[in-house]
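Participant: One structure follows; several queries about it will come next.
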Amino acid sequence: MDLSYIINHLGEERESYFRAAVPPIIQSNNFIFKTAEEMRHALAHEMDEPFYTRGNNPTVSILRKKIAALEGAEEAFVFASGSAAIAAGVMSAVKAGDHIICVQKPYSWTTKLLNNLLSRFDVSSTYVDGSDPQNFEAAIQANTRLIVLESPNSITFEMQDIEAVVAIAKKHNILTAIDNSYATPLNQQPIKMGVDMVMHSASKYLNGHSDIIAGVLCCSRERAEHIFKGEYMTLGGIISPNDAWLMMRGLRTLPIRMERVSQTTPKVVAFLENHPQVEKVYYPFAQTNPQLELAQKYIKKPTGQFSMTLKANSVEEVDRFCNELTYFQMACSWGGHESLIFPMSVLYTSANYSETTLPWNLIRFYVGLEEADILIADLQKAFECI
Ligand SMILES: *Cc1c(COP(=O)(O)O)cnc(C)c1O
């Protein structure tokens, strides 16, 4: 199935809604049946047919089909946040007494899920340096049930050799999950490499306009049936029909947005790599990245997130650099239309700094849809102020 078909047509049964070009938002939490027989049938097929919107909603269904096809998965669920999707996927794989291996430095709330929440239910976790697949094998215990990857991971963008880790997991009968938010399904499709569950924060690229919080989880039909009855329906962290509609609108432009950042971001990164006031650039496609080969193997095109450490003498100097930027606005998150920075110095002065091992002079960047020249000029202006 080609990308244009998935994005523009798949799941859109226009005859059933007045041949409208754009699907309606079915803002109904329940569905009416004429006969007890019809109601009995829908209840027995709650994952696939509208019965109650926590389980199935026609607007959300269209989106589910598109997301599954984009990832090359049999099924997809859409959640009210990326964190809800990750929690549902991870929890579906473990019970009390089990053990998880996770790549070191994953997204912060993934760490909290494992350390603070699952530990209360007697599920233990080990974090490993993901740059060598053997580290995963060395950490396997008799009770290991799941390996959690994030490639590249957040903020420092370290990659894992996905196929090598999957081979190890399969040999030991262990499930695998990956946070694929950074690459998007356009650039990396882990299901096709044998990963069991692929999660995304759809608040980022998939929606792409900084106006909703959402998450997705893709997997086989068999796993989806298990997750539907368990974490999906029981915890109930589902997306609303309205937000599903917004996300579908965002998806229409995913390919051109990703094409744009693949052109502009390497120019901005090249400018920083050659700048005397920059200590180090963290980017999968940076010429200085020791994992460049892995990036080129797994990620089809460069994307818009990178970090750098600034040659600065103090937190105040980092603050001044950040305050001076105009087009790079200061905020958390990424994946929308607007370029952003997240300076680690905002963590440095707070009480929880001991929880992070990130340098105080590190700034995470996200390149939005602006022109590269404008962003480079913005950076140039800020460098002149320190
Ligand atoms: C933002 C993010 C998440 C969490 O997603 P939410 O939609 O904010 O819940 C998970 N993983 C990565 C890599 C993220 O950037």
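Convention: chains lettered A, B, ... in structure tokens order; per-chain residue numbering from 1; ligands numbered from 1 as shown.
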Name the residues in contact with segment 264-278 of chain A at a cut-off of 10 Å, using only C-alpha atoms, excluding same-chain residues fewer than 4 positions from it; report them as a ChimeraX atom specification.

Facilitator: /A:259-260,282-283,285-288,302-312,365-377,379-380,383-384,386

Participant: Could those selected residues go to a file with N, CA, C and O atoms, as a short mmCIF file (atom, residue, chain, number, x, y, z; two decimals), in the first residue's frame?

Facilitator:
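So the final result, stored in out-v2.cif, reads:
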```
data_model
loop_
_atom_site.label_atom_id
_atom_site.label_comp_id
_atom_site.auth_asym_id
_atom_site.auth_seq_id
_atom_site.Cartn_x
_atom_site.Cartn_y
_atom_site.Cartn_z
N GLU A 259 9.88 15.80 4.95
CA GLU A 259 10.77 16.14 3.83
C GLU A 259 11.45 17.49 4.10
O GLU A 259 12.65 17.65 3.93
N ARG A 260 10.65 18.45 4.58
CA ARG A 260 11.17 19.79 4.86
C ARG A 260 12.30 19.74 5.91
O ARG A 260 13.38 20.28 5.71
N TYR A 282 25.07 16.73 19.26
CA TYR A 282 24.50 15.38 19.35
C TYR A 282 23.42 15.27 18.28
O TYR A 282 22.38 15.92 18.38
N TYR A 283 23.69 14.47 17.24
CA TYR A 283 22.72 14.32 16.15
C TYR A 283 23.04 13.02 15.44
O TYR A 283 24.21 12.76 15.12
N PHE A 285 22.84 12.16 12.49
CA PHE A 285 23.50 12.35 11.19
C PHE A 285 24.69 13.32 11.25
O PHE A 285 25.19 13.73 10.22
N ALA A 286 25.14 13.66 12.47
CA ALA A 286 26.33 14.52 12.58
C ALA A 286 27.55 13.74 12.08
O ALA A 286 27.68 12.54 12.35
N GLN A 287 28.43 14.43 11.37
CA GLN A 287 29.63 13.77 10.84
C GLN A 287 30.49 13.22 11.98
O GLN A 287 31.23 12.26 11.81
N THR A 288 30.36 13.82 13.17
CA THR A 288 31.18 13.42 14.31
C THR A 288 30.52 12.31 15.14
O THR A 288 31.09 11.85 16.12
N PRO A 302 17.24 12.42 7.56
CA PRO A 302 17.47 13.18 8.80
C PRO A 302 16.16 13.80 9.30
O PRO A 302 15.30 14.18 8.51
N THR A 303 16.01 13.88 10.62
CA THR A 303 14.84 14.53 11.19
C THR A 303 15.29 15.77 11.98
O THR A 303 16.46 16.14 11.93
N GLY A 304 14.37 16.39 12.70
CA GLY A 304 14.60 17.77 13.16
C GLY A 304 15.10 17.98 14.57
O GLY A 304 15.18 19.12 15.02
N GLN A 305 15.43 16.90 15.29
CA GLN A 305 15.83 17.09 16.69
C GLN A 305 17.31 16.85 16.86
O GLN A 305 17.84 15.85 16.36
N PHE A 306 17.99 17.71 17.60
CA PHE A 306 19.40 17.50 17.95
C PHE A 306 19.70 18.27 19.22
O PHE A 306 18.85 19.03 19.70
N SER A 307 20.88 18.05 19.78
CA SER A 307 21.29 18.82 20.96
C SER A 307 22.70 19.34 20.73
O SER A 307 23.42 18.87 19.85
N MET A 308 23.08 20.34 21.54
CA MET A 308 24.48 20.78 21.53
C MET A 308 24.86 21.23 22.92
O MET A 308 24.01 21.63 23.72
N THR A 309 26.15 21.12 23.22
CA THR A 309 26.65 21.76 24.44
C THR A 309 27.36 23.03 24.01
O THR A 309 28.13 23.06 23.05
N LEU A 310 27.06 24.09 24.76
CA LEU A 310 27.58 25.42 24.45
C LEU A 310 28.87 25.62 25.24
O LEU A 310 28.95 25.24 26.40
N LYS A 311 29.88 26.23 24.60
CA LYS A 311 31.09 26.61 25.36
C LYS A 311 30.73 27.83 26.17
O LYS A 311 30.76 28.96 25.67
N ALA A 312 30.35 27.61 27.42
CA ALA A 312 29.92 28.72 28.27
C ALA A 312 30.60 28.59 29.62
O ALA A 312 31.01 27.49 30.01
N PHE A 365 17.53 21.04 20.76
CA PHE A 365 16.94 21.84 19.68
C PHE A 365 15.91 21.03 18.89
O PHE A 365 16.06 19.82 18.72
N TYR A 366 14.91 21.74 18.41
CA TYR A 366 13.99 21.14 17.45
C TYR A 366 13.81 22.13 16.30
O TYR A 366 13.47 23.29 16.52
N VAL A 367 14.07 21.66 15.10
CA VAL A 367 13.89 22.51 13.91
C VAL A 367 12.47 22.30 13.37
O VAL A 367 12.09 21.19 13.02
N GLY A 368 11.70 23.38 13.35
CA GLY A 368 10.33 23.33 12.83
C GLY A 368 10.31 23.53 11.33
O GLY A 368 11.20 23.05 10.62
N LEU A 369 9.34 24.27 10.85
CA LEU A 369 9.18 24.39 9.39
C LEU A 369 9.75 25.68 8.82
O LEU A 369 9.52 26.01 7.66
N GLU A 370 10.52 26.42 9.61
CA GLU A 370 11.11 27.66 9.13
C GLU A 370 12.26 27.37 8.14
O GLU A 370 12.75 26.25 8.06
N GLU A 371 12.71 28.42 7.45
CA GLU A 371 13.85 28.28 6.53
C GLU A 371 15.14 28.14 7.33
O GLU A 371 15.31 28.77 8.38
N ALA A 372 16.07 27.35 6.80
CA ALA A 372 17.35 27.14 7.49
C ALA A 372 18.10 28.46 7.68
O ALA A 372 18.68 28.71 8.74
N ASP A 373 18.10 29.33 6.67
CA ASP A 373 18.86 30.59 6.74
C ASP A 373 18.39 31.46 7.89
O ASP A 373 19.20 32.11 8.57
N ILE A 374 17.08 31.50 8.09
CA ILE A 374 16.52 32.33 9.17
C ILE A 374 16.93 31.77 10.53
O ILE A 374 17.30 32.52 11.44
N LEU A 375 16.93 30.45 10.65
CA LEU A 375 17.31 29.83 11.93
C LEU A 375 18.80 30.02 12.20
O LEU A 375 19.21 30.29 13.33
N ILE A 376 19.62 29.91 11.15
CA ILE A 376 21.06 30.09 11.33
C ILE A 376 21.37 31.54 11.73
O ILE A 376 22.18 31.79 12.63
N ALA A 377 20.67 32.49 11.11
CA ALA A 377 20.86 33.91 11.47
C ALA A 377 20.45 34.14 12.92
O ALA A 377 21.09 34.92 13.65
N LEU A 379 20.63 31.97 15.38
CA LEU A 379 21.70 31.40 16.22
C LEU A 379 22.92 32.33 16.23
O LEU A 379 23.51 32.58 17.28
N GLN A 380 23.26 32.84 15.05
CA GLN A 380 24.41 33.74 14.91
C GLN A 380 24.26 34.93 15.86
O GLN A 380 25.19 35.32 16.57
N PHE A 383 24.85 33.87 19.48
CA PHE A 383 26.28 33.63 19.78
C PHE A 383 27.00 34.94 20.04
O PHE A 383 27.90 35.02 20.88
N GLU A 384 26.60 35.98 19.32
CA GLU A 384 27.28 37.27 19.48
C GLU A 384 27.03 37.92 20.84
O GLU A 384 27.74 38.83 21.24
N ILE A 386 27.19 36.30 23.75
CA ILE A 386 27.85 35.64 24.90
C ILE A 386 29.38 35.72 24.77
O ILE A 386 29.90 35.99 23.70
#
```

Participant: Hey, which residues sit close to ligand 1? Say within 7 Å, counting only C-alpha atoms and all ligand atoms, and write them as a PyMOL selection string.

Facilitator: chain A and resi 81-84+107+153-154+179+181-182+200-204+213-215+333

Participant: Using C-alpha atoms, can you write the selected residues to a file as a PDB file, in the first residue's frame?

Facilitator:
```pdb
ATOM      1  CA  SER A  81      -0.917  10.537  25.336  1.00  0.00           C
ATOM      2  CA  GLY A  82       2.345   8.920  24.320  1.00  0.00           C
ATOM      3  CA  SER A  83       2.920   8.044  27.963  1.00  0.00           C
ATOM      4  CA  ALA A  84      -0.422   6.179  28.095  1.00  0.00           C
ATOM      5  CA  TYR A 107      12.138   9.331  27.775  1.00  0.00           C
ATOM      6  CA  ASN A 153      16.738   7.927  22.550  1.00  0.00           C
ATOM      7  CA  SER A 154      15.793  11.317  23.905  1.00  0.00           C
ATOM      8  CA  ASP A 179       9.605   4.185  21.266  1.00  0.00           C
ATOM      9  CA  SER A 181       8.751   8.936  18.152  1.00  0.00           C
ATOM     10  CA  TYR A 182      12.023  10.401  16.900  1.00  0.00           C
ATOM     11  CA  HIS A 200       4.911   6.927  19.589  1.00  0.00           C
ATOM     12  CA  SER A 201       4.171  10.185  21.237  1.00  0.00           C
ATOM     13  CA  ALA A 202       1.778  11.434  18.552  1.00  0.00           C
ATOM     14  CA  SER A 203       1.899  14.821  20.298  1.00  0.00           C
ATOM     15  CA  LYS A 204       5.126  15.225  18.296  1.00  0.00           C
ATOM     16  CA  ILE A 213      -1.563  15.302  23.309  1.00  0.00           C
ATOM     17  CA  ALA A 214      -1.828  11.788  21.864  1.00  0.00           C
ATOM     18  CA  GLY A 215      -0.006   8.484  21.568  1.00  0.00           C
ATOM     19  CA  SER A 333       8.074  19.165  23.446  1.00  0.00           C
TER      20      SER A 333
END
```

Participant: Return as an MDAnalysis selection string the full set of residues in segment 150-265 of chain A whose backbone-based DSSP assignment is strand (DSSP E or B).

Facilitator: chainID A and resid 150 175:179 197:201 215:219 238

Participant: Need to verify the contact set: Ala68 of chain A, 9 Å, only C-alpha atoms, exclusion of same-chain residues closer than 4 positions in sequence. Can you return it as a PDB file with C-alpha atoms, in the first residue's frame?

Facilitator:
```pdb
ATOM      1  CA  LEU A  63      -7.042   6.953  12.286  1.00  0.00           C
ATOM      2  CA  ARG A  64      -6.198   3.503  13.719  1.00  0.00           C
ATOM      3  CA  GLY A  72       3.322  -1.890   8.650  1.00  0.00           C
ATOM      4  CA  ALA A  73       1.496  -3.358  11.674  1.00  0.00           C
ATOM      5  CA  GLU A  74      -1.694  -5.429  11.796  1.00  0.00           C
ATOM      6  CA  GLU A  75      -3.262  -3.193  14.440  1.00  0.00           C
ATOM      7  CA  ALA A  76      -2.885   0.186  16.096  1.00  0.00           C
ATOM      8  CA  PHE A  77      -4.476   1.837  19.115  1.00  0.00           C
ATOM      9  CA  LEU A 217       0.728   1.682  19.957  1.00  0.00           C
ATOM     10  CA  CYS A 218       1.163  -0.708  16.991  1.00  0.00           C
ATOM     11  CA  CYS A 219       1.382  -4.493  17.199  1.00  0.00           C
TER      12      CYS A 219
END
```

Participant: Tell me which protein, DNA and RNA residues are within 12 Å of Asn173 of chain A, counting only C-alpha atoms, leaving out same-chain ones fewer than 2 positions away, and put them as a PyMOL selection string.

Facilitator: chain A and resi 137+140-147+166-171+175-176+196

Participant: I'd like the neighbourhood of Pro133 of chain A as a list in words, where a residue qualifies if any of its atoms comes within 10 Å (using only C-alpha atoms), though same-chain residues fewer than 3 positions away should be ignored.

Facilitator: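 With the cut-off at 10 Å, the set is Val128, Asp129, Gly130, Phe136, Glu137, Ala138, Gln160, Asp161, Ile162, Glu163, Ala164, Val165, Val166, Ala167 and Ile168 of chain A.
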
Participant: Applying 12 Å and only C-alpha atoms, which residues near Leu118 of chain A remain after dropping the ones on its own chain fewer than 4 positions away? List them as a ChimeraX atom specification.

Facilitator: /A:87-88,90-100,110-114,122-125

Participant: I'd like the interatomic distance between atom CA of Leu3 of chain A and atom CA of Ile67 of chain A, to a tenth of an Å.

Facilitator: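 Those two atoms sit 11.1 Å apart.
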
Participant: Which is closest to Asp243 of chain A among A:Val281, A:Val60, A:Met330, A:Ile7, if we use only C-alpha atoms?

Facilitator: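 Between A:Val281, A:Val60, A:Met330, A:Ile7, the residue approaching Asp243 of chain A most closely is A:Val60.
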
Participant: With only C-alpha atoms as the counted atoms, please give the residues lying no more than 8 Å from Met47 of chain A, apart from itself and same-chain residues fewer than 6 positions off, as a list in words.

Facilitator: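 So the residues in contact are Gly55, Asn56, Glu225 and Phe228 of chain A.
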
Participant: Grab the atom CA of Ser4 of chain A to atom CA of Arg257 of chain A distance for me, in Å with one decimal place.

Facilitator: 14.1 Å

Participant: For the atom pair atom CA of Phe31 of chain A and atom CA of Gly250 of chain A, what is the interatomic distance in Å to one decimal place?

Facilitator: 27.1 Å

Participant: Ranking A:His9, A:Thr357, A:Lys300, A:Asp378 by minimum distance to Asn323 of chain A and counting only C-alpha atoms, which one comes first?

Facilitator: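 Closest to Asn323 of chain A, using only C-alpha atoms: A:Asp378.
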
Participant: Which residue is closest to Val103 of chain A? Choose from A:Tyr5, A:Phe157, A:Phe79, A:Phe121 and count only C-alpha atoms.

Facilitator: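 Checking each of A:Tyr5, A:Phe157, A:Phe79, A:Phe121 against Val103 of chain A, counting only C-alpha atoms, the winner is A:Phe157.
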
Participant: Going by DSSP on the backbone, which bits of segment 101-346 of chain A are helix (DSSP H, G or I)? Write them as a PyMOL selection string, please.

Facilitator: chain A and resi 108-121+134-138+162-171+184-187+190-193+221-235+241-251+254-273+292-298+315-324+345-346

Participant: So, with only C-alpha atoms as the atoms that count, which of A:Ile212, A:Ala295, A:Val315, A:Ile155 lies closest to Ile341 of chain A?

Facilitator: A:Ile155
